[in-house]
file entry-v1.cif (mmCIF, C-alpha atoms)
data_final
#
loop_
_atom_site.label_atom_id
_atom_site.label_comp_id
_atom_site.auth_asym_id
_atom_site.auth_seq_id
_atom_site.Cartn_x
_atom_site.Cartn_y
_atom_site.Cartn_z
CA MET K 1 -1.89 -27.39 17.85
CA LYS K 2 -1.72 -25.27 21.00
CA VAL K 3 1.33 -23.33 19.82
CA PHE K 4 -0.45 -22.24 16.61
CA LYS K 5 -3.65 -21.49 18.55
CA ASN K 6 -1.69 -18.99 20.62
CA CYS K 7 -0.17 -17.53 17.45
CA ARG K 8 -3.57 -16.64 15.98
CA SER K 9 -4.26 -12.94 15.60
CA LYS K 10 -5.78 -11.34 18.66
CA LEU K 11 -6.99 -8.37 16.63
CA ASP K 12 -10.45 -7.77 15.27
CA GLU K 13 -10.97 -6.63 11.68
CA MET K 14 -10.75 -2.90 12.36
CA GLN K 15 -7.60 -3.26 14.45
CA GLU K 16 -6.16 -5.52 11.74
CA GLN K 17 -6.95 -2.90 9.08
CA ASN K 18 -5.43 -0.13 11.18
CA LEU K 19 -2.30 -2.19 11.81
CA ARG K 20 -1.97 -2.90 8.08
CA LYS K 21 -2.22 0.82 7.33
CA LEU K 22 0.44 1.52 9.94
CA GLU K 23 2.68 -1.22 8.53
CA SER K 24 2.19 0.17 5.02
CA TRP K 25 3.24 3.65 6.17
CA GLY K 26 6.17 2.11 8.00
CA TYR K 27 7.26 0.25 4.87
CA TRP K 28 7.18 3.34 2.62
CA LEU K 29 8.86 5.47 5.27
CA THR K 30 11.65 2.91 5.57
CA TRP K 31 11.86 2.62 1.77
CA GLY K 32 12.28 6.39 1.38
CA ALA K 33 14.71 6.62 4.28
CA LEU K 34 16.82 3.79 2.86
CA LEU K 35 16.94 5.45 -0.58
CA LEU K 36 17.86 8.80 0.97
CA SER K 37 20.46 7.18 3.18
CA MET K 38 22.08 5.46 0.16
CA MET K 39 22.11 8.74 -1.79
CA ILE K 40 23.72 10.62 1.09
CA GLN K 41 26.27 7.85 1.63
CA MET K 42 27.13 7.93 -2.09
CA LEU K 43 27.85 11.64 -1.80
CA ILE K 44 29.94 11.11 1.33
CA TYR K 45 31.93 8.01 0.34
CA ARG K 46 32.14 8.78 -3.41
CA GLU K 47 34.35 6.07 -5.05
CA ASP K 48 34.17 3.83 -1.97
CA ALA K 49 30.39 4.00 -1.86
CA ALA K 50 29.89 0.65 -3.63
CA LYS K 51 31.96 -1.04 -0.93
CA TYR K 52 29.80 0.32 1.90
CA LEU K 53 26.40 0.19 0.25
CA LYS K 54 26.21 -3.46 -0.83
CA GLY K 55 23.97 -4.52 2.06
CA GLU K 56 21.56 -1.61 1.73
CA TRP K 57 21.40 -2.03 -2.03
CA ILE K 58 20.58 -5.75 -1.76
CA VAL K 59 17.82 -5.08 0.81
CA PHE K 60 16.43 -2.20 -1.26
CA MET K 61 16.37 -4.15 -4.52
CA ALA K 62 14.97 -7.28 -2.84
CA SER K 63 12.09 -5.28 -1.39
CA ASN K 64 11.41 -3.67 -4.79
CA ILE K 65 11.46 -7.01 -6.62
CA TYR K 66 9.19 -8.50 -3.95
CA MET K 67 6.70 -5.65 -4.42
CA VAL K 68 6.75 -5.83 -8.22
CA ILE K 69 6.26 -9.60 -8.29
CA GLY K 70 3.55 -9.36 -5.61
CA CYS K 71 1.67 -6.61 -7.47
CA VAL K 72 1.84 -8.43 -10.82
CA ARG K 73 0.65 -11.65 -9.17
CA LEU K 74 -2.35 -9.82 -7.69
CA GLY K 75 -3.02 -7.97 -10.94
CA ILE K 76 -2.42 -4.56 -9.35
CA TRP K 77 -0.61 -1.81 -11.25
CA SER K 78 -0.71 1.12 -8.86
CA ARG K 79 -3.12 2.93 -6.55
CA ARG K 80 -3.47 6.03 -8.72
CA GLY K 81 -1.39 5.53 -11.86
CA ILE K 82 -2.81 4.42 -15.18
CA PRO K 83 -1.25 1.31 -16.76
CA SER K 84 -0.45 2.82 -20.15
CA PHE K 85 2.63 3.37 -22.30
CA LYS K 86 2.23 7.13 -21.95
CA SER K 87 2.40 6.96 -18.15
CA ILE K 88 5.46 4.67 -18.08
CA LEU K 89 7.14 6.98 -20.59
CA LEU K 90 6.57 9.91 -18.24
CA ILE K 91 7.80 7.94 -15.19
CA SER K 92 10.93 6.86 -17.10
CA LEU K 93 11.61 10.45 -18.15
CA LEU K 94 11.28 11.66 -14.56
CA ALA K 95 13.49 8.81 -13.30
CA GLY K 96 16.11 9.61 -15.97
CA LEU K 97 16.07 13.29 -15.08
CA ALA K 98 16.28 12.68 -11.32
CA THR K 99 19.12 10.16 -11.67
CA GLY K 100 20.95 12.39 -14.15
CA ILE K 101 20.80 15.36 -11.78
CA PHE K 102 21.91 13.23 -8.82
CA VAL K 103 24.88 11.76 -10.73
CA ALA K 104 25.80 15.25 -12.02
CA VAL K 105 25.95 16.56 -8.45
CA TYR K 106 27.89 13.46 -7.40
CA ASN K 107 30.43 13.90 -10.23
CA TYR K 108 30.76 17.62 -9.70
CA LEU K 109 31.53 17.05 -6.00
CA SER K 110 33.97 14.27 -6.91
CA TYR K 111 35.84 15.88 -9.82
CA GLY K 112 34.88 19.57 -9.67
CA ASP K 113 34.34 19.75 -13.43
CA LEU K 114 31.06 21.35 -14.43
CA PHE K 115 31.22 20.29 -18.10
CA THR K 116 31.75 16.60 -17.20
CA ALA K 117 28.94 16.89 -14.68
CA LEU K 118 26.59 18.22 -17.35
CA ILE K 119 27.59 15.51 -19.83
CA THR K 120 26.78 12.89 -17.20
CA VAL K 121 23.26 14.32 -16.91
CA LEU K 122 22.79 13.35 -20.55
CA ILE K 123 24.53 9.97 -20.50
CA THR K 124 23.28 8.70 -17.13
CA GLY K 125 19.86 10.23 -17.66
CA LEU K 126 19.49 8.58 -21.04
CA CYS K 127 20.70 5.19 -19.77
CA THR K 128 18.34 5.36 -16.78
CA PHE K 129 15.48 6.40 -19.03
CA VAL K 130 16.05 3.45 -21.38
CA LEU K 131 16.50 0.92 -18.56
CA CYS K 132 13.47 2.25 -16.69
CA LEU K 133 11.33 2.16 -19.81
CA LEU K 134 12.44 -1.40 -20.49
CA ALA K 135 11.76 -2.58 -16.93
CA LEU K 136 8.39 -0.82 -16.81
CA SER K 137 7.40 -2.15 -20.24
CA LEU K 138 8.15 -5.68 -19.07
CA SER K 139 6.18 -5.11 -15.85
CA LEU K 140 3.29 -3.56 -17.79
CA SER K 141 3.11 -6.46 -20.19
CA ALA K 142 3.26 -8.98 -17.29
CA TYR K 143 0.58 -6.99 -15.45
CA LYS K 144 -1.74 -6.91 -18.49
CA LYS K 145 -1.28 -10.64 -19.06
CA ARG K 146 -2.05 -11.39 -15.41
CA ARG K 147 -5.02 -8.99 -15.37
CA GLN K 148 -6.47 -10.78 -18.37
CA GLN K 149 -5.93 -14.13 -16.66
CA LEU K 150 -7.59 -12.96 -13.41
CA ASP K 151 -10.53 -11.37 -15.23
CA GLY K 152 -11.10 -14.61 -17.09
CA GLU K 153 -11.24 -16.69 -13.89
CA GLY K 154 -14.47 -17.91 -12.29
CA ASP K 155 -17.73 -18.61 -14.07
CA GLU K 156 -19.48 -15.59 -15.43
CA LYS K 157 -23.05 -16.31 -16.48
CA MET P 158 -19.87 8.17 6.69
CA SER P 159 -22.90 9.08 8.77
CA LYS P 160 -23.49 7.80 12.31
CA ASN P 161 -25.24 4.44 12.59
CA LEU P 162 -28.05 5.42 14.93
CA LYS P 163 -30.07 2.32 14.01
CA LEU P 164 -27.37 0.12 15.49
CA LYS P 165 -27.19 2.23 18.63
CA ALA P 166 -30.97 2.11 19.03
CA ALA P 167 -31.12 -1.67 18.50
CA ARG P 168 -28.39 -2.14 21.09
CA ALA P 169 -30.17 0.10 23.57
CA GLU P 170 -33.44 -1.76 22.97
CA ARG P 171 -31.74 -4.97 24.01
CA ASP P 172 -30.22 -3.16 26.96
CA MET P 173 -26.76 -4.06 25.79
CA THR P 174 -23.65 -2.01 26.38
CA GLN P 175 -21.09 -1.51 23.62
CA LYS P 176 -18.83 -3.88 25.56
CA ALA P 177 -21.53 -6.59 25.70
CA LEU P 178 -22.19 -6.30 21.96
CA ALA P 179 -18.46 -6.31 21.28
CA ASP P 180 -18.05 -9.52 23.30
CA ALA P 181 -20.99 -11.13 21.50
CA ALA P 182 -19.55 -10.19 18.10
CA GLY P 183 -15.98 -11.09 19.04
CA VAL P 184 -14.54 -7.63 18.42
CA SER P 185 -13.27 -4.78 20.59
CA ARG P 186 -15.52 -2.10 22.10
CA GLN P 187 -13.51 0.43 20.11
CA THR P 188 -14.69 -1.23 16.88
CA ILE P 189 -18.38 -1.17 17.89
CA ASN P 190 -18.00 2.47 18.89
CA ALA P 191 -16.33 3.30 15.55
CA ILE P 192 -19.17 1.59 13.63
CA GLU P 193 -21.79 3.53 15.60
CA GLN P 194 -19.92 6.79 15.07
CA GLY P 195 -19.66 6.05 11.33
CA GLU P 196 -15.86 6.05 11.52
CA TYR P 197 -15.45 2.45 10.40
CA ASN P 198 -17.12 0.58 7.56
CA PRO P 199 -17.41 -3.06 8.74
CA THR P 200 -17.14 -6.08 6.46
CA ILE P 201 -20.31 -7.97 5.58
CA LYS P 202 -19.10 -10.78 7.83
CA LEU P 203 -18.99 -8.51 10.88
CA CYS P 204 -22.32 -6.89 9.92
CA LEU P 205 -23.91 -10.34 9.92
CA THR P 206 -22.38 -11.23 13.28
CA ILE P 207 -23.70 -7.99 14.79
CA CYS P 208 -27.14 -8.60 13.27
CA ARG P 209 -27.26 -12.09 14.76
CA ALA P 210 -26.16 -10.78 18.16
CA LEU P 211 -28.95 -8.18 18.11
CA GLY P 212 -31.56 -10.40 16.43
CA ARG P 213 -31.99 -7.97 13.54
CA THR P 214 -31.56 -8.13 9.77
CA LEU P 215 -28.92 -6.42 7.67
CA ASP P 216 -31.54 -4.10 6.19
CA GLU P 217 -32.73 -3.01 9.62
CA LEU P 218 -29.27 -2.12 10.88
CA PHE P 219 -27.13 -1.25 7.90
CA TRP P 220 -29.29 -0.21 4.97
CA GLU P 221 -28.91 3.43 4.00
CA ASP P 222 -30.96 5.38 1.48
CA GLU P 223 -28.93 6.68 -1.45
CA GLU P 224 -29.18 10.32 -0.34
CA ASN P 225 -27.87 9.47 3.15
CA GLU P 226 -25.07 7.28 1.83
CA SER P 227 -21.69 8.95 1.95
CA LEU P 228 -18.47 7.01 1.85
#
call {"tool": "encode", "arguments": {"input": "entry-v1.cif", "output": "structure tokens"}}
result
Amino acid sequence: MKVFKNCRSKLDEMQEQNLRKLESWGYWLTWGALLLSMMIQMLIYREDAAKYLKGEWIVFMASNIYMVIGCVRLGIWSRRGIPSFKSILLISLLAGLATGIFVAVYNYLSYGDLFTALITVLITGLCTFVLCLLALSLSLSAYKKRRQQLDGEGDEK
Amino acid sequence: MSKNLKLKAARAERDMTQKALADAAGVSRQTINAIEQGEYNPTIKLCLTICRALGRTLDELFWEDEENESL
């Protein structure tokens, strides 16, 4: 159809590759900016944050879920990371620590109590660590299963 | 990546400009220039199209000895 003919890419392979790189940078820049914007808004709005951040949170989570499902489907774990229990343990620890510190700052600014803030580092950090480890373990197992499936495809003689 | 002087020479032999080769291969002049300058590593599909446009083989235009190969 003429309409679809006009919709075909006008770029050659190098331009296409360059555009994809640009789009990839754009995606990660937007991802980081969205995360930062949500964190700042949480610190500004405090208790009301959940009310104002619903839209951003849905978009952020949807993009993350899309990426995880897409990567598992393609049998890709990460560009540089190693798909092992040790590495997901380290990532979960870092995520737990980062979230714990953020929530501690948030609570200290909200309630002004240093002891409560420090306790939250432990509680929130531990919860984030466990949830992260669980989510990453599930992703790792799905990735390994898919990898095995993809490696078994086609006829190898 | 090193410059692809073989491609440049083959194009010059045929008295073709980068634009003419680009048109024959269905890509932009910028892409042909990047391949010649060694700034872009083309797909095998584009290599074949360029070879056909210049009447050369893949070996003649794109083969590199191991010591000259740098990615």
call {"tool": "interface_residues", "arguments": {"input": "entry-v1.cif", "of": "chain P", "to": "chain K", "cutoff": "7 Å", "atoms": "all atoms listed in the file", "output": "list in words"}}
result
Val184, Ser185 and Thr188 of chain P
call {"tool": "closest_residue", "arguments": {"input": "entry-v1.cif", "among": "K:Leu93, K:Gly154, K:Val103, K:Trp25", "to": "Val130 of chain K", "atoms": "all atoms listed in the file"}}
result
K:Leu93
call {"tool": "resolve_selection", "arguments": {"input": "entry-v1.cif", "expression": "the PyMOL selection byres ((chain P and resi 173-177) around 10)", "output": "PyMOL selection string"}}
result
chain P and resi 165+167-172+178-190+193+210-211
call {"tool": "write_last_selection", "arguments": {"input": "entry-v1.cif", "atoms": "C-alpha atoms", "output": "CSV table (one decimal), keeping the file's coordinate frame"}}
result
chain,number,residue,atom,x,y,z
P,165,LYS,CA,-27.2,2.2,18.6
P,167,ALA,CA,-31.1,-1.7,18.5
P,168,ARG,CA,-28.4,-2.1,21.1
P,169,ALA,CA,-30.2,0.1,23.6
P,170,GLU,CA,-33.4,-1.8,23.0
P,171,ARG,CA,-31.7,-5.0,24.0
P,172,ASP,CA,-30.2,-3.2,27.0
P,178,LEU,CA,-22.2,-6.3,22.0
P,179,ALA,CA,-18.5,-6.3,21.3
P,180,ASP,CA,-18.0,-9.5,23.3
P,181,ALA,CA,-21.0,-11.1,21.5
P,182,ALA,CA,-19.6,-10.2,18.1
P,183,GLY,CA,-16.0,-11.1,19.0
P,184,VAL,CA,-14.5,-7.6,18.4
P,185,SER,CA,-13.3,-4.8,20.6
P,186,ARG,CA,-15.5,-2.1,22.1
P,187,GLN,CA,-13.5,0.4,20.1
P,188,THR,CA,-14.7,-1.2,16.9
P,189,ILE,CA,-18.4,-1.2,17.9
P,190,ASN,CA,-18.0,2.5,18.9
P,193,GLU,CA,-21.8,3.5,15.6
P,210,ALA,CA,-26.2,-10.8,18.2
P,211,LEU,CA,-29.0,-8.2,18.1
call {"tool": "atom_distance", "arguments": {"input": "entry-v1.cif", "atom1": "atom CA of Cys208 of chain P", "atom2": "atom CA of Gln194 of chain P"}}
result
17.1 Å
call {"tool": "resolve_selection", "arguments": {"input": "entry-v1.cif", "expression": "the PyMOL selection byres ((chain K and resi 94-102) around 10)", "output": "ChimeraX atom specification"}}
result
/K:39,43,88-93,103-108,117-133
call {"tool": "atom_distance", "arguments": {"input": "entry-v1.cif", "atom1": "atom CA of Met42 of chain K", "atom2": "atom CA of Leu109 of chain K"}}
result
10.9 Å
call {"tool": "atom_distance", "arguments": {"input": "entry-v1.cif", "atom1": "atom CA of Arg73 of chain K", "atom2": "atom CA of Ser24 of chain K"}}
result
18.5 Å
call {"tool": "residues_around", "arguments": {"input": "entry-v1.cif", "residues": "Trp57 of chain K", "least_positions_apart": "6", "cutoff": "12 Å", "atoms": "all atoms listed in the file", "output": "list of chain:residue names"}}
result
K:Trp31, K:Leu34, K:Leu35, K:Leu36, K:Ser37, K:Met38, K:Met39, K:Gln41, K:Met42, K:Ala49, K:Ala50, K:Lys51, K:Ser63, K:Asn64
call {"tool": "residues_near_point", "arguments": {"input": "entry-v1.cif", "point": "(5.9, -3.9, -19.1)", "cutoff": "12 Å", "atoms": "all atoms listed in the file", "output": "list in words"}}
result
Val68, Val72, Trp77, Pro83, Ser84, Phe85, Lys86, Ser87, Ile88, Leu89, Leu131, Cys132, Leu133, Leu134, Ala135, Leu136, Ser137, Leu138, Ser139, Leu140, Ser141, Ala142, Tyr143, Lys144, Lys145 and Arg146 of chain K
call {"tool": "write_last_selection", "arguments": {"input": "entry-v1.cif", "atoms": "C-alpha atoms", "output": "PDB file, keeping the file's coordinate frame"}}
result
ATOM      1  CA  VAL K  68       6.750  -5.830  -8.220  1.00  0.00           C
ATOM      2  CA  VAL K  72       1.840  -8.430 -10.820  1.00  0.00           C
ATOM      3  CA  TRP K  77      -0.610  -1.810 -11.250  1.00  0.00           C
ATOM      4  CA  PRO K  83      -1.250   1.310 -16.760  1.00  0.00           C
ATOM      5  CA  SER K  84      -0.450   2.820 -20.150  1.00  0.00           C
ATOM      6  CA  PHE K  85       2.630   3.370 -22.300  1.00  0.00           C
ATOM      7  CA  LYS K  86       2.230   7.130 -21.950  1.00  0.00           C
ATOM      8  CA  SER K  87       2.400   6.960 -18.150  1.00  0.00           C
ATOM      9  CA  ILE K  88       5.460   4.670 -18.080  1.00  0.00           C
ATOM     10  CA  LEU K  89       7.140   6.980 -20.590  1.00  0.00           C
ATOM     11  CA  LEU K 131      16.500   0.920 -18.560  1.00  0.00           C
ATOM     12  CA  CYS K 132      13.470   2.250 -16.690  1.00  0.00           C
ATOM     13  CA  LEU K 133      11.330   2.160 -19.810  1.00  0.00           C
ATOM     14  CA  LEU K 134      12.440  -1.400 -20.490  1.00  0.00           C
ATOM     15  CA  ALA K 135      11.760  -2.580 -16.930  1.00  0.00           C
ATOM     16  CA  LEU K 136       8.390  -0.820 -16.810  1.00  0.00           C
ATOM     17  CA  SER K 137       7.400  -2.150 -20.240  1.00  0.00           C
ATOM     18  CA  LEU K 138       8.150  -5.680 -19.070  1.00  0.00           C
ATOM     19  CA  SER K 139       6.180  -5.110 -15.850  1.00  0.00           C
ATOM     20  CA  LEU K 140       3.290  -3.560 -17.790  1.00  0.00           C
ATOM     21  CA  SER K 141       3.110  -6.460 -20.190  1.00  0.00           C
ATOM     22  CA  ALA K 142       3.260  -8.980 -17.290  1.00  0.00           C
ATOM     23  CA  TYR K 143       0.580  -6.990 -15.450  1.00  0.00           C
ATOM     24  CA  LYS K 144      -1.740  -6.910 -18.490  1.00  0.00           C
ATOM     25  CA  LYS K 145      -1.280 -10.640 -19.060  1.00  0.00           C
ATOM     26  CA  ARG K 146      -2.050 -11.390 -15.410  1.00  0.00           C
TER      27      ARG K 146
END
call {"tool": "resolve_selection", "arguments": {"input": "entry-v1.cif", "expression": "the PyMOL selection byres ((chain P and resi 216) around 12)", "output": "PyMOL selection string"}}
result
chain P and resi 163-164+201+204-205+208+213-215+217-222
call {"tool": "closest_residue", "arguments": {"input": "entry-v1.cif", "among": "P:Ile207, P:Gly195, P:Gly212, P:Glu223", "to": "Met158 of chain P", "atoms": "all atoms listed in the file"}}
result
P:Gly195
call {"tool": "axis_aligned_box", "arguments": {"input": "entry-v1.cif", "around": "segment 202-212 of chain P", "padding_each_side": "5 Å", "output": "lines of an AutoDock Vina configuration file"}}
result
center_x = -25.3
center_y = -9.5
center_z = 13.0
size_x = 22.6
size_y = 15.2
size_z = 20.3
